[in-house]
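Visitor: PDB, C-alpha atoms, saved as structure21.pdb, coming up:
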```pdb
MODEL        1
ATOM      1  CA  MET O1351    -210.648-144.740 -59.553
ATOM      2  CA  THR O1352    -212.510-146.306 -62.443
ATOM      3  CA  THR O1353    -212.221-147.133 -66.128
ATOM      4  CA  LEU O1354    -208.578-148.190 -65.883
ATOM      5  CA  PRO O1355    -207.013-149.264 -69.176
ATOM      6  CA  SER O1356    -206.078-152.917 -69.230
ATOM      7  CA  ILE O1357    -202.588-152.313 -70.638
ATOM      8  CA  THR O1358    -200.211-149.411 -71.106
ATOM      9  CA  GLN O1359    -197.943-149.384 -74.122
ATOM     10  CA  ILE O1360    -194.292-148.849 -73.191
ATOM     11  CA  ALA O1361    -191.445-148.442 -75.654
ATOM     12  CA  PRO O1362    -189.779-151.825 -76.154
ATOM     13  CA  PHE O1363    -186.460-152.161 -74.395
ATOM     14  CA  ALA O1364    -184.259-155.258 -74.332
ATOM     15  CA  PRO O1365    -182.172-155.390 -71.126
ATOM     16  CA  LEU O1366    -178.682-156.841 -71.077
ATOM     17  CA  THR O1367    -178.086-160.433 -70.144
ATOM     18  CA  ARG O1368    -176.069-161.246 -67.037
ATOM     19  CA  GLU O1369    -173.034-162.108 -69.190
ATOM     20  CA  GLN O1370    -173.309-158.843 -71.122
ATOM     21  CA  ARG O1371    -173.674-156.816 -67.941
ATOM     22  CA  ASP O1372    -170.592-158.479 -66.422
ATOM     23  CA  ARG O1373    -168.672-157.813 -69.633
ATOM     24  CA  LEU O1374    -169.736-154.157 -69.630
ATOM     25  CA  LYS O1375    -168.577-153.785 -66.035
ATOM     26  CA  THR O1376    -165.185-155.305 -66.859
ATOM     27  CA  MET O1377    -164.677-152.989 -69.828
ATOM     28  CA  ARG O1378    -165.785-149.907 -67.898
ATOM     29  CA  GLU O1379    -163.374-150.647 -65.045
ATOM     30  CA  ALA O1380    -160.543-151.004 -67.575
ATOM     31  CA  ALA O1381    -161.244-147.619 -69.206
ATOM     32  CA  THR O1382    -159.405-144.605 -67.756
ATOM     33  CA  ALA O1383    -159.736-140.883 -68.464
ATOM     34  CA  THR O1384    -156.798-139.331 -70.336
ATOM     35  CA  ALA O1385    -158.311-135.865 -70.856
ATOM     36  CA  PRO O1386    -161.728-134.248 -70.497
ATOM     37  CA  GLY O1387    -164.072-136.377 -72.594
ATOM     38  CA  LYS O1388    -161.292-138.750 -73.704
ATOM     39  CA  PHE O1389    -160.618-142.256 -72.459
ATOM     40  CA  SER O1390    -158.122-145.041 -72.950
ATOM     41  CA  ILE O1391    -158.563-148.779 -72.550
ATOM     42  CA  SER O1392    -156.131-151.664 -72.800
ATOM     43  CA  SER O1393    -156.243-153.643 -76.037
ATOM     44  CA  ARG O1394    -157.028-156.755 -74.035
ATOM     45  CA  ALA O1395    -160.112-155.188 -72.417
ATOM     46  CA  ALA O1396    -161.279-153.109 -75.396
ATOM     47  CA  PRO O1397    -164.681-154.040 -76.856
ATOM     48  CA  THR O1398    -164.483-156.580 -79.657
ATOM     49  CA  ASP O1399    -166.567-156.538 -82.821
ATOM     50  CA  GLU O1400    -168.892-159.027 -81.122
ATOM     51  CA  ASP O1401    -169.249-156.706 -78.135
ATOM     52  CA  ARG O1402    -170.139-153.766 -80.377
ATOM     53  CA  VAL O1403    -172.934-155.786 -81.943
ATOM     54  CA  TRP O1404    -174.938-155.466 -78.719
ATOM     55  CA  LEU O1405    -173.292-152.376 -77.180
ATOM     56  CA  GLU O1406    -174.179-149.941 -79.939
ATOM     57  CA  PRO O1407    -177.894-150.896 -80.124
ATOM     58  CA  TYR O1408    -178.009-150.792 -76.329
ATOM     59  CA  ARG O1409    -176.569-147.276 -76.335
ATOM     60  CA  ALA O1410    -179.170-146.204 -78.910
ATOM     61  CA  SER O1411    -181.906-147.736 -76.761
ATOM     62  CA  LEU O1412    -180.649-145.888 -73.684
ATOM     63  CA  HIS O1413    -180.625-142.579 -75.564
ATOM     64  CA  GLN O1414    -184.172-143.171 -76.757
ATOM     65  CA  MET O1415    -185.349-144.411 -73.389
ATOM     66  CA  LEU O1416    -184.001-141.411 -71.449
ATOM     67  CA  ARG O1417    -185.808-138.814 -73.508
ATOM     68  CA  PRO O1418    -188.691-137.026 -71.736
ATOM     69  CA  GLY O1419    -191.821-139.143 -72.004
ATOM     70  CA  ASP O1420    -195.120-138.347 -73.622
ATOM     71  CA  ALA O1421    -197.468-136.858 -71.007
ATOM     72  CA  SER O1422    -200.405-138.924 -72.208
ATOM     73  CA  ALA O1423    -198.468-142.206 -71.977
ATOM     74  CA  ILE O1424    -197.198-141.295 -68.504
ATOM     75  CA  HIS O1425    -200.744-140.408 -67.456
ATOM     76  CA  ASP O1426    -201.969-143.844 -68.553
ATOM     77  CA  ARG O1427    -199.120-145.666 -66.809
ATOM     78  CA  LEU O1428    -199.724-143.867 -63.513
ATOM     79  CA  HIS O1429    -203.453-144.434 -63.857
ATOM     80  CA  VAL O1430    -202.831-148.174 -63.943
ATOM     81  CA  PHE O1431    -200.346-147.978 -61.066
ATOM     82  CA  LEU O1432    -202.539-145.921 -58.722
ATOM     83  CA  GLY O1433    -205.548-148.056 -59.518
ATOM     84  CA  GLY O1434    -203.830-150.943 -57.779
ATOM     85  CA  PHE O1435    -204.211-149.293 -54.329
ATOM     86  CA  SER O1436    -207.510-150.016 -52.612
ATOM     87  CA  GLN O1437    -207.220-146.761 -50.642
ATOM     88  CA  LEU O1438    -207.285-144.783 -53.892
ATOM     89  CA  ARG O1439    -209.976-146.790 -55.638
ATOM     90  CA  SER O1440    -212.461-145.481 -53.084
ATOM     91  CA  LEU O1441    -211.968-141.890 -54.256
ATOM     92  CA  ASP O1442    -214.681-140.264 -56.314
ATOM     93  CA  ALA O1443    -213.968-139.322 -59.924
ATOM     94  CA  GLU O1444    -212.946-135.762 -59.087
ATOM     95  CA  GLY O1445    -210.630-136.798 -56.251
ATOM     96  CA  ALA O1446    -209.087-139.537 -58.358
ATOM     97  CA  ALA O1447    -208.464-137.114 -61.216
ATOM     98  CA  MET O1448    -206.780-134.636 -58.865
ATOM     99  CA  MET O1449    -204.618-137.360 -57.331
ATOM    100  CA  LEU O1450    -203.567-138.596 -60.763
ATOM    101  CA  GLU O1451    -202.776-135.068 -61.898
ATOM    102  CA  ASN O1452    -200.542-134.542 -58.860
ATOM    103  CA  PHE O1453    -198.529-137.640 -59.782
ATOM    104  CA  VAL O1454    -198.238-136.567 -63.421
ATOM    105  CA  GLU O1455    -196.924-133.171 -62.325
ATOM    106  CA  ALA O1456    -194.484-134.811 -59.911
ATOM    107  CA  VAL O1457    -192.798-136.803 -62.695
ATOM    108  CA  GLU O1458    -192.881-134.041 -65.288
ATOM    109  CA  GLY O1459    -189.877-134.256 -67.617
ATOM    110  CA  LEU O1460    -189.033-137.862 -66.780
ATOM    111  CA  PRO O1461    -188.893-140.611 -69.426
ATOM    112  CA  LEU O1462    -191.756-143.058 -69.652
ATOM    113  CA  GLU O1463    -189.358-145.955 -69.020
ATOM    114  CA  VAL O1464    -188.232-144.384 -65.747
ATOM    115  CA  VAL O1465    -191.824-143.926 -64.602
ATOM    116  CA  ALA O1466    -192.643-147.513 -65.582
ATOM    117  CA  ARG O1467    -189.575-148.839 -63.757
ATOM    118  CA  THR O1468    -190.494-146.878 -60.646
ATOM    119  CA  CYS O1469    -193.989-148.369 -60.673
ATOM    120  CA  ARG O1470    -192.529-151.832 -61.115
ATOM    121  CA  ALA O1471    -189.953-151.300 -58.348
ATOM    122  CA  TRP O1472    -192.716-150.209 -55.972
ATOM    123  CA  ASN O1473    -194.896-153.177 -56.822
ATOM    124  CA  GLN O1474    -191.910-155.501 -56.285
ATOM    125  CA  LYS O1475    -191.008-153.774 -52.992
ATOM    126  CA  LYS O1476    -187.529-152.856 -54.214
ATOM    127  CA  ILE O1477    -187.629-149.247 -53.041
ATOM    128  CA  LYS O1478    -185.979-148.734 -49.679
ATOM    129  CA  GLY O1479    -187.204-146.497 -46.890
ATOM    130  CA  VAL O1480    -190.918-146.568 -47.671
ATOM    131  CA  ASP O1481    -193.973-148.003 -45.923
ATOM    132  CA  TYR O1482    -195.672-150.380 -48.333
ATOM    133  CA  ARG O1483    -198.855-150.428 -46.258
ATOM    134  CA  PHE O1484    -199.762-147.078 -47.833
ATOM    135  CA  PRO O1485    -199.655-145.795 -51.396
ATOM    136  CA  PRO O1486    -196.777-143.406 -52.178
ATOM    137  CA  GLY O1487    -197.234-139.678 -52.256
ATOM    138  CA  PRO O1488    -196.176-137.734 -55.380
ATOM    139  CA  PRO O1489    -192.890-136.433 -53.813
ATOM    140  CA  GLU O1490    -192.034-139.911 -52.547
ATOM    141  CA  PHE O1491    -192.672-141.394 -55.981
ATOM    142  CA  ARG O1492    -190.575-138.684 -57.649
ATOM    143  CA  GLY O1493    -187.659-139.356 -55.295
ATOM    144  CA  ALA O1494    -187.656-143.036 -56.199
ATOM    145  CA  ALA O1495    -187.910-142.164 -59.900
ATOM    146  CA  ASP O1496    -184.923-139.798 -59.655
ATOM    147  CA  ASP O1497    -182.809-142.603 -58.206
ATOM    148  CA  ILE O1498    -183.728-144.883 -61.099
ATOM    149  CA  MET O1499    -183.056-142.077 -63.584
ATOM    150  CA  ALA O1500    -179.606-141.485 -62.094
ATOM    151  CA  ALA O1501    -178.740-145.181 -62.340
ATOM    152  CA  LEU O1502    -179.762-145.295 -66.006
ATOM    153  CA  ARG O1503    -177.716-142.206 -66.779
ATOM    154  CA  VAL O1504    -174.679-143.829 -65.181
ATOM    155  CA  GLU O1505    -175.247-146.930 -67.298
ATOM    156  CA  ARG O1506    -175.527-144.846 -70.451
ATOM    157  CA  ARG O1507    -172.329-143.036 -69.481
ATOM    158  CA  ASP O1508    -170.559-146.364 -68.964
ATOM    159  CA  VAL O1509    -171.577-147.561 -72.415
ATOM    160  CA  GLU O1510    -170.460-144.265 -73.973
ATOM    161  CA  VAL O1511    -167.062-144.441 -72.276
ATOM    162  CA  VAL O1512    -166.459-148.027 -73.381
ATOM    163  CA  LEU O1513    -167.404-147.326 -77.007
ATOM    164  CA  ARG O1514    -165.395-144.088 -77.197
ATOM    165  CA  ALA O1515    -162.279-145.321 -75.372
ATOM    166  CA  LEU O1516    -159.207-145.633 -77.580
ATOM    167  CA  PRO O1517    -157.063-148.765 -77.215
ATOM    168  CA  ALA O1518    -153.852-147.993 -75.334
ATOM    169  CA  PRO O1519    -150.482-149.130 -76.763
ATOM    170  CA  GLU O1520    -149.501-152.577 -75.626
ATOM    171  CA  ARG O1521    -146.839-152.719 -72.958
ATOM    172  CA  ALA O1522    -143.547-154.241 -74.022
ATOM    173  CA  ALA O1523    -143.142-157.870 -73.001
ATOM    174  CA  ALA O1524    -140.897-158.586 -70.038
ATOM    175  CA  PRO O1525    -137.290-159.322 -71.102
ATOM    176  CA  THR O1526    -136.106-162.932 -71.147
ATOM    177  CA  ASP O1527    -133.221-164.210 -69.030
ATOM    178  CA  ASP O1528    -130.922-164.180 -72.073
ATOM    179  CA  GLU O1529    -131.850-160.563 -72.799
ATOM    180  CA  ARG O1530    -131.220-159.585 -69.173
ATOM    181  CA  ASN O1531    -127.812-161.321 -69.194
ATOM    182  CA  ALA O1532    -126.803-159.662 -72.470
ATOM    183  CA  CYS O1533    -127.848-156.268 -71.115
ATOM    184  CA  ALA O1534    -125.886-156.857 -67.903
ATOM    185  CA  ALA O1535    -122.772-157.831 -69.930
ATOM    186  CA  ARG O1536    -123.032-154.656 -72.027
ATOM    187  CA  ALA O1537    -123.444-152.584 -68.883
ATOM    188  CA  ALA O1538    -120.381-154.208 -67.275
ATOM    189  CA  GLU O1539    -118.332-153.551 -70.433
ATOM    190  CA  LEU O1540    -119.407-149.929 -70.451
ATOM    191  CA  VAL O1541    -118.496-149.493 -66.779
ATOM    192  CA  LYS O1542    -115.056-151.048 -67.410
ATOM    193  CA  SER O1543    -114.382-148.769 -70.382
ATOM    194  CA  ILE O1544    -115.292-145.728 -68.288
ATOM    195  CA  ALA O1545    -113.028-146.922 -65.456
ATOM    196  CA  ASP O1546    -110.114-147.521 -67.870
ATOM    197  CA  ALA O1547    -110.539-144.106 -69.417
ATOM    198  CA  GLY O1548    -110.568-142.541 -65.959
ATOM    199  CA  ALA O1549    -107.378-144.351 -64.941
ATOM    200  CA  LYS O1550    -105.625-143.252 -68.160
ATOM    201  CA  LEU O1551    -106.674-139.664 -67.607
ATOM    202  CA  ASP O1552    -105.405-139.762 -64.013
ATOM    203  CA  ALA O1553    -102.014-141.053 -65.196
ATOM    204  CA  GLU O1554    -101.749-138.373 -67.888
ATOM    205  CA  LEU O1555    -102.644-135.655 -65.412
ATOM    206  CA  SER O1556    -100.089-137.019 -62.926
ATOM    207  CA  ASP O1557     -97.327-137.019 -65.589
ATOM    208  CA  ALA O1558     -98.244-133.513 -66.699
ATOM    209  CA  SER O1559     -98.200-132.295 -63.128
ATOM    210  CA  ALA O1560     -94.734-133.859 -62.476
ATOM    211  CA  ASN O1561     -93.311-132.369 -65.690
ATOM    212  CA  ALA O1562     -94.679-128.947 -64.832
ATOM    213  CA  ALA O1563     -93.068-129.191 -61.418
ATOM    214  CA  ARG O1564     -89.681-130.023 -62.964
ATOM    215  CA  ILE O1565     -89.904-127.131 -65.382
ATOM    216  CA  GLU O1566     -90.847-124.748 -62.598
ATOM    217  CA  GLN O1567     -87.961-125.981 -60.441
ATOM    218  CA  ALA O1568     -85.410-125.532 -63.268
ATOM    219  CA  ALA O1569     -86.651-122.002 -63.918
ATOM    220  CA  TYR O1570     -86.307-121.186 -60.237
ATOM    221  CA  VAL O1571     -82.718-122.469 -60.184
ATOM    222  CA  ARG O1572     -81.796-120.356 -63.216
ATOM    223  CA  ARG O1573     -83.287-117.244 -61.671
ATOM    224  CA  PHE O1574     -81.382-117.904 -58.440
ATOM    225  CA  GLN O1575     -78.069-118.480 -60.233
ATOM    226  CA  ALA O1576     -78.455-115.319 -62.304
ATOM    227  CA  ALA O1577     -79.169-113.250 -59.197
ATOM    228  CA  GLU O1578     -76.197-114.752 -57.400
ATOM    229  CA  ALA O1579     -73.868-114.009 -60.319
ATOM    230  CA  GLU O1580     -75.067-110.423 -60.421
ATOM    231  CA  ARG O1581     -74.453-110.026 -56.677
ATOM    232  CA  LYS O1582     -70.900-111.336 -56.924
ATOM    233  CA  ALA O1583     -70.173-109.016 -59.848
ATOM    234  CA  ARG O1584     -71.250-106.015 -57.802
ATOM    235  CA  ILE O1585     -69.083-107.099 -54.889
ATOM    236  CA  ALA O1586     -66.066-107.415 -57.202
ATOM    237  CA  ALA O1587     -66.705-103.968 -58.613
ATOM    238  CA  LEU O1588     -66.821-102.427 -55.116
ATOM    239  CA  LYS O1589     -63.490-104.055 -54.205
ATOM    240  CA  GLY O1590     -61.808-102.328 -57.209
ATOM    241  CA  ASP O1591     -62.243 -98.933 -55.398
ATOM    242  CA  GLY O1592     -64.458 -97.627 -58.071
ATOM    243  CA  ALA O1593     -62.051 -98.503 -60.904
ATOM    244  CA  THR O1594     -63.647 -99.197 -64.187
ATOM    245  CA  SER O1595     -63.895-102.809 -64.697
ATOM    246  CA  THR O1596     -65.855-105.082 -66.804
ATOM    247  CA  PRO O1597     -68.540-106.640 -64.717
ATOM    248  CA  ALA O1598     -68.586-110.323 -64.620
ATOM    249  CA  THR O1599     -71.233-111.978 -66.669
ATOM    250  CA  ALA O1600     -73.013-114.943 -65.277
ATOM    251  CA  THR O1601     -73.659-117.636 -67.687
ATOM    252  CA  ALA O1602     -76.534-119.854 -66.891
ATOM    253  CA  PRO O1603     -75.426-123.434 -66.672
ATOM    254  CA  ALA O1604     -76.875-126.233 -68.562
ATOM    255  CA  GLU O1605     -79.627-127.950 -66.656
ATOM    256  CA  GLY O1606     -78.100-129.559 -63.583
ATOM    257  CA  GLY O1607     -74.586-127.937 -64.167
ATOM    258  CA  ALA O1608     -72.565-125.329 -62.178
ATOM    259  CA  THR O1609     -72.667-121.600 -62.886
ATOM    260  CA  ARG O1610     -69.732-120.227 -64.938
ATOM    261  CA  ILE O1611     -68.612-116.579 -64.572
ATOM    262  CA  THR O1612     -66.513-114.865 -67.267
ATOM    263  CA  ALA O1613     -64.549-111.549 -66.985
TER
ENDMDL
END
```
Please express the file's structure as structure tokens.

Guide:
Amino acid sequence: MTTLPSITQIAPFAPLTREQRDRLKTMREAATATAPGKFSISSRAAPTDEDRVWLEPYRASLHQMLRPGDASAIHDRLHVFLGGFSQLRSLDAEGAAMMLENFVEAVEGLPLEVVARTCRAWNQKKIKGVDYRFPPGPPEFRGAADDIMAALRVERRDVEVVLRALPAPERAAAPTDDERNACAARAAELVKSIADAGAKLDAELSDASANAARIEQAAYVRRFQAAEAERKARIAALKGDGATSTPATATAPAEGGATRITA
């Protein structure tokens, strides 16, 4: 392969610092889903104004970076990459053009940044499961590029979640010992008042039950005395051999007194 360009222009992209990446990870782990597309995050872990200064430009950069790349720019970047393999430099112009076209077709639709990162990862031997003694084939290169694309999409999603998460209400502070003691005293007072009310109700029910029993007993005695008086009156009438007589009338006694019969 010949006439390789000396440099390929790639859209500028400022990666996060180690501190920013650690901070992003902490915020993302603190964010939880509350509904489809909605998230909540504790006020303590929510992004500060200082965090948003670098988060929002980073999100914009990720959106721009993950757009499908220009075919011409991708062609140039792959031309530089493939020109680094001695096995491919020996190809004639037609063979080199066909090889390059196969790689361009393999990464069709991918962003330029993803293609560039895949080239860099291969050159730095950071792609697992490949034999670096030989140049990659188009499918092998596309597989590595898809992995990088997926990782960038996850990172963009993390940034989106953190920036869209709504701060959750702060949890109430734990009660102090004085507050616990006061609450326990109020609870004990309430329990005592309920117990006292229950005891009073039991006493009232017991008195009502005893009074009802006395009333029922007195009524029974009166019914018995009336029946007995009527029986004796009938007996007296039978002893008079059928003579007309005034039947005795039973008079109910006062409560606790004897029955009085009048002619």

Visitor: If you apply the PyMOL selection byres ((chain O and resi 1392) around 8) to this file, what residues do you get, as a ChimeraX atom specification?

Guide: /O:1380-1381,1390-1391,1393-1396,1517-1520

Visitor: Can you pull out every residue within 8 Å of stretch 1463-1471 of chain O, counting only C-alpha atoms, but drop anything in the same chain fewer than 5 positions away, and send it as a ChimeraX atom specification?

Guide: /O:1360-1361,1415-1416,1419,1424,1427-1428,1431,1457,1476-1477,1491,1494-1495,1498-1499

Visitor: Quick one: write out the picked residues with C-alpha atoms as a short mmCIF file (atom, residue, chain, number, x, y, z; two decimals), in the frame of the given file?

Guide:
```cif
data_model
loop_
_atom_site.label_atom_id
_atom_site.label_comp_id
_atom_site.auth_asym_id
_atom_site.auth_seq_id
_atom_site.Cartn_x
_atom_site.Cartn_y
_atom_site.Cartn_z
CA ILE O 1360 -194.29 -148.85 -73.19
CA ALA O 1361 -191.44 -148.44 -75.65
CA MET O 1415 -185.35 -144.41 -73.39
CA LEU O 1416 -184.00 -141.41 -71.45
CA GLY O 1419 -191.82 -139.14 -72.00
CA ILE O 1424 -197.20 -141.29 -68.50
CA ARG O 1427 -199.12 -145.67 -66.81
CA LEU O 1428 -199.72 -143.87 -63.51
CA PHE O 1431 -200.35 -147.98 -61.07
CA VAL O 1457 -192.80 -136.80 -62.70
CA LYS O 1476 -187.53 -152.86 -54.21
CA ILE O 1477 -187.63 -149.25 -53.04
CA PHE O 1491 -192.67 -141.39 -55.98
CA ALA O 1494 -187.66 -143.04 -56.20
CA ALA O 1495 -187.91 -142.16 -59.90
CA ILE O 1498 -183.73 -144.88 -61.10
CA MET O 1499 -183.06 -142.08 -63.58
#
```

Visitor: Given the file shown, enumerate the residues that the PyMOL selection byres ((chain O and resi 1510-1513) around 7) captures and present them as a ChimeraX atom specification.

Guide: /O:1377-1378,1381,1389,1506-1509,1514-1515

Visitor: Name all residues at most 12 Å from O:Pro1486 (count all atoms listed in the file; drop same-chain ones fewer than 3 positions away) and give them as an mmCIF file with C-alpha atoms, keeping the file's coordinate frame.

Guide:
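Writing done, so here's around12.cif:
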```cif
data_model
loop_
_atom_site.group_PDB
_atom_site.id
_atom_site.type_symbol
_atom_site.label_atom_id
_atom_site.label_comp_id
_atom_site.auth_asym_id
_atom_site.auth_seq_id
_atom_site.Cartn_x
_atom_site.Cartn_y
_atom_site.Cartn_z
ATOM 1 C CA LEU O 1428 -199.724 -143.867 -63.513
ATOM 2 C CA PHE O 1431 -200.346 -147.978 -61.066
ATOM 3 C CA LEU O 1432 -202.539 -145.921 -58.722
ATOM 4 C CA GLY O 1434 -203.830 -150.943 -57.779
ATOM 5 C CA PHE O 1435 -204.211 -149.293 -54.329
ATOM 6 C CA GLN O 1437 -207.220 -146.761 -50.642
ATOM 7 C CA LEU O 1438 -207.285 -144.783 -53.892
ATOM 8 C CA MET O 1449 -204.618 -137.360 -57.331
ATOM 9 C CA LEU O 1450 -203.567 -138.596 -60.763
ATOM 10 C CA ASN O 1452 -200.542 -134.542 -58.860
ATOM 11 C CA PHE O 1453 -198.529 -137.640 -59.782
ATOM 12 C CA ALA O 1456 -194.484 -134.811 -59.911
ATOM 13 C CA THR O 1468 -190.494 -146.878 -60.646
ATOM 14 C CA CYS O 1469 -193.989 -148.369 -60.673
ATOM 15 C CA TRP O 1472 -192.716 -150.209 -55.972
ATOM 16 C CA ASN O 1473 -194.896 -153.177 -56.822
ATOM 17 C CA LYS O 1475 -191.008 -153.774 -52.992
ATOM 18 C CA ILE O 1477 -187.629 -149.247 -53.041
ATOM 19 C CA GLY O 1479 -187.204 -146.497 -46.890
ATOM 20 C CA VAL O 1480 -190.918 -146.568 -47.671
ATOM 21 C CA ASP O 1481 -193.973 -148.003 -45.923
ATOM 22 C CA TYR O 1482 -195.672 -150.380 -48.333
ATOM 23 C CA ARG O 1483 -198.855 -150.428 -46.258
ATOM 24 C CA PRO O 1489 -192.890 -136.433 -53.813
ATOM 25 C CA GLU O 1490 -192.034 -139.911 -52.547
ATOM 26 C CA PHE O 1491 -192.672 -141.394 -55.981
ATOM 27 C CA ARG O 1492 -190.575 -138.684 -57.649
ATOM 28 C CA GLY O 1493 -187.659 -139.356 -55.295
ATOM 29 C CA ALA O 1494 -187.656 -143.036 -56.199
ATOM 30 C CA ALA O 1495 -187.910 -142.164 -59.900
#
```

Visitor: So for stretch 1368-1377 of chain O, what box centre and size do we get, axis-aligned, 6 Å extra on each of the six sides, every listed atom, Å to one decimal, as JSON?

Guide:
```
{"center_x": -170.4, "center_y": -157.5, "center_z": -68.6, "size_x": 23.4, "size_y": 21.1, "size_z": 17.1}
```

Visitor: I need stretch 1371-1393 of chain O written out with N, CA and C atoms, as a PDB file, in the first residue's frame; please produce it.

Guide:
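Heads up, here's the output in decode26.pdb:
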```pdb
ATOM      1  N   ARG O1371     -13.586  10.524  36.303  1.00  0.00           N
ATOM      2  CA  ARG O1371     -14.160   9.206  36.027  1.00  0.00           C
ATOM      3  C   ARG O1371     -14.602   8.521  37.321  1.00  0.00           C
ATOM      4  N   ASP O1372     -13.816   8.645  38.384  1.00  0.00           N
ATOM      5  CA  ASP O1372     -14.205   8.062  39.669  1.00  0.00           C
ATOM      6  C   ASP O1372     -15.470   8.739  40.196  1.00  0.00           C
ATOM      7  N   ARG O1373     -15.545  10.048  40.021  1.00  0.00           N
ATOM      8  CA  ARG O1373     -16.724  10.789  40.476  1.00  0.00           C
ATOM      9  C   ARG O1373     -17.961  10.370  39.693  1.00  0.00           C
ATOM     10  N   LEU O1374     -17.820  10.196  38.387  1.00  0.00           N
ATOM     11  CA  LEU O1374     -18.934   9.753  37.555  1.00  0.00           C
ATOM     12  C   LEU O1374     -19.417   8.374  37.993  1.00  0.00           C
ATOM     13  N   LYS O1375     -18.499   7.485  38.285  1.00  0.00           N
ATOM     14  CA  LYS O1375     -18.862   6.147  38.732  1.00  0.00           C
ATOM     15  C   LYS O1375     -19.636   6.194  40.051  1.00  0.00           C
ATOM     16  N   THR O1376     -19.175   7.034  40.973  1.00  0.00           N
ATOM     17  CA  THR O1376     -19.859   7.166  42.262  1.00  0.00           C
ATOM     18  C   THR O1376     -21.281   7.689  42.088  1.00  0.00           C
ATOM     19  N   MET O1377     -21.441   8.695  41.248  1.00  0.00           N
ATOM     20  CA  MET O1377     -22.777   9.258  41.017  1.00  0.00           C
ATOM     21  C   MET O1377     -23.690   8.262  40.315  1.00  0.00           C
ATOM     22  N   ARG O1378     -23.134   7.525  39.353  1.00  0.00           N
ATOM     23  CA  ARG O1378     -23.973   6.565  38.615  1.00  0.00           C
ATOM     24  C   ARG O1378     -24.439   5.446  39.535  1.00  0.00           C
ATOM     25  N   GLU O1379     -23.585   4.982  40.430  1.00  0.00           N
ATOM     26  CA  GLU O1379     -23.969   3.918  41.352  1.00  0.00           C
ATOM     27  C   GLU O1379     -25.023   4.395  42.346  1.00  0.00           C
ATOM     28  N   ALA O1380     -25.047   5.708  42.612  1.00  0.00           N
ATOM     29  CA  ALA O1380     -26.026   6.247  43.563  1.00  0.00           C
ATOM     30  C   ALA O1380     -27.389   6.486  42.919  1.00  0.00           C
ATOM     31  N   ALA O1381     -27.436   6.562  41.588  1.00  0.00           N
ATOM     32  CA  ALA O1381     -28.698   6.822  40.891  1.00  0.00           C
ATOM     33  C   ALA O1381     -29.488   5.520  40.729  1.00  0.00           C
ATOM     34  N   THR O1382     -30.786   5.585  41.006  1.00  0.00           N
ATOM     35  CA  THR O1382     -31.659   4.413  40.882  1.00  0.00           C
ATOM     36  C   THR O1382     -32.865   4.764  40.027  1.00  0.00           C
ATOM     37  N   ALA O1383     -33.370   3.776  39.296  1.00  0.00           N
ATOM     38  CA  ALA O1383     -34.540   3.986  38.437  1.00  0.00           C
ATOM     39  C   ALA O1383     -35.806   4.023  39.290  1.00  0.00           C
ATOM     40  N   THR O1384     -36.663   5.006  39.050  1.00  0.00           N
ATOM     41  CA  THR O1384     -37.943   5.106  39.744  1.00  0.00           C
ATOM     42  C   THR O1384     -39.109   4.813  38.817  1.00  0.00           C
ATOM     43  N   ALA O1385     -38.892   4.928  37.524  1.00  0.00           N
ATOM     44  CA  ALA O1385     -39.899   4.654  36.497  1.00  0.00           C
ATOM     45  C   ALA O1385     -39.144   4.596  35.174  1.00  0.00           C
ATOM     46  N   PRO O1386     -39.791   4.085  34.122  1.00  0.00           N
ATOM     47  CA  PRO O1386     -39.095   4.048  32.836  1.00  0.00           C
ATOM     48  C   PRO O1386     -38.607   5.435  32.424  1.00  0.00           C
ATOM     49  N   GLY O1387     -37.298   5.567  32.266  1.00  0.00           N
ATOM     50  CA  GLY O1387     -36.712   6.838  31.856  1.00  0.00           C
ATOM     51  C   GLY O1387     -36.564   7.861  32.960  1.00  0.00           C
ATOM     52  N   LYS O1388     -36.893   7.489  34.208  1.00  0.00           N
ATOM     53  CA  LYS O1388     -36.783   8.427  35.328  1.00  0.00           C
ATOM     54  C   LYS O1388     -35.885   7.838  36.400  1.00  0.00           C
ATOM     55  N   PHE O1389     -35.093   8.715  37.020  1.00  0.00           N
ATOM     56  CA  PHE O1389     -34.112   8.257  37.999  1.00  0.00           C
ATOM     57  C   PHE O1389     -34.102   9.194  39.203  1.00  0.00           C
ATOM     58  N   SER O1390     -33.649   8.643  40.303  1.00  0.00           N
ATOM     59  CA  SER O1390     -33.528   9.402  41.545  1.00  0.00           C
ATOM     60  C   SER O1390     -32.115   9.218  42.083  1.00  0.00           C
ATOM     61  N   ILE O1391     -31.624  10.238  42.761  1.00  0.00           N
ATOM     62  CA  ILE O1391     -30.281  10.177  43.329  1.00  0.00           C
ATOM     63  C   ILE O1391     -30.301  10.942  44.651  1.00  0.00           C
ATOM     64  N   SER O1392     -29.553  10.464  45.616  1.00  0.00           N
ATOM     65  CA  SER O1392     -29.516  11.127  46.910  1.00  0.00           C
ATOM     66  C   SER O1392     -28.912  12.523  46.760  1.00  0.00           C
ATOM     67  N   SER O1393     -29.359  13.445  47.606  1.00  0.00           N
ATOM     68  CA  SER O1393     -28.844  14.811  47.534  1.00  0.00           C
ATOM     69  C   SER O1393     -27.341  14.845  47.770  1.00  0.00           C
TER      70      SER O1393
END
```
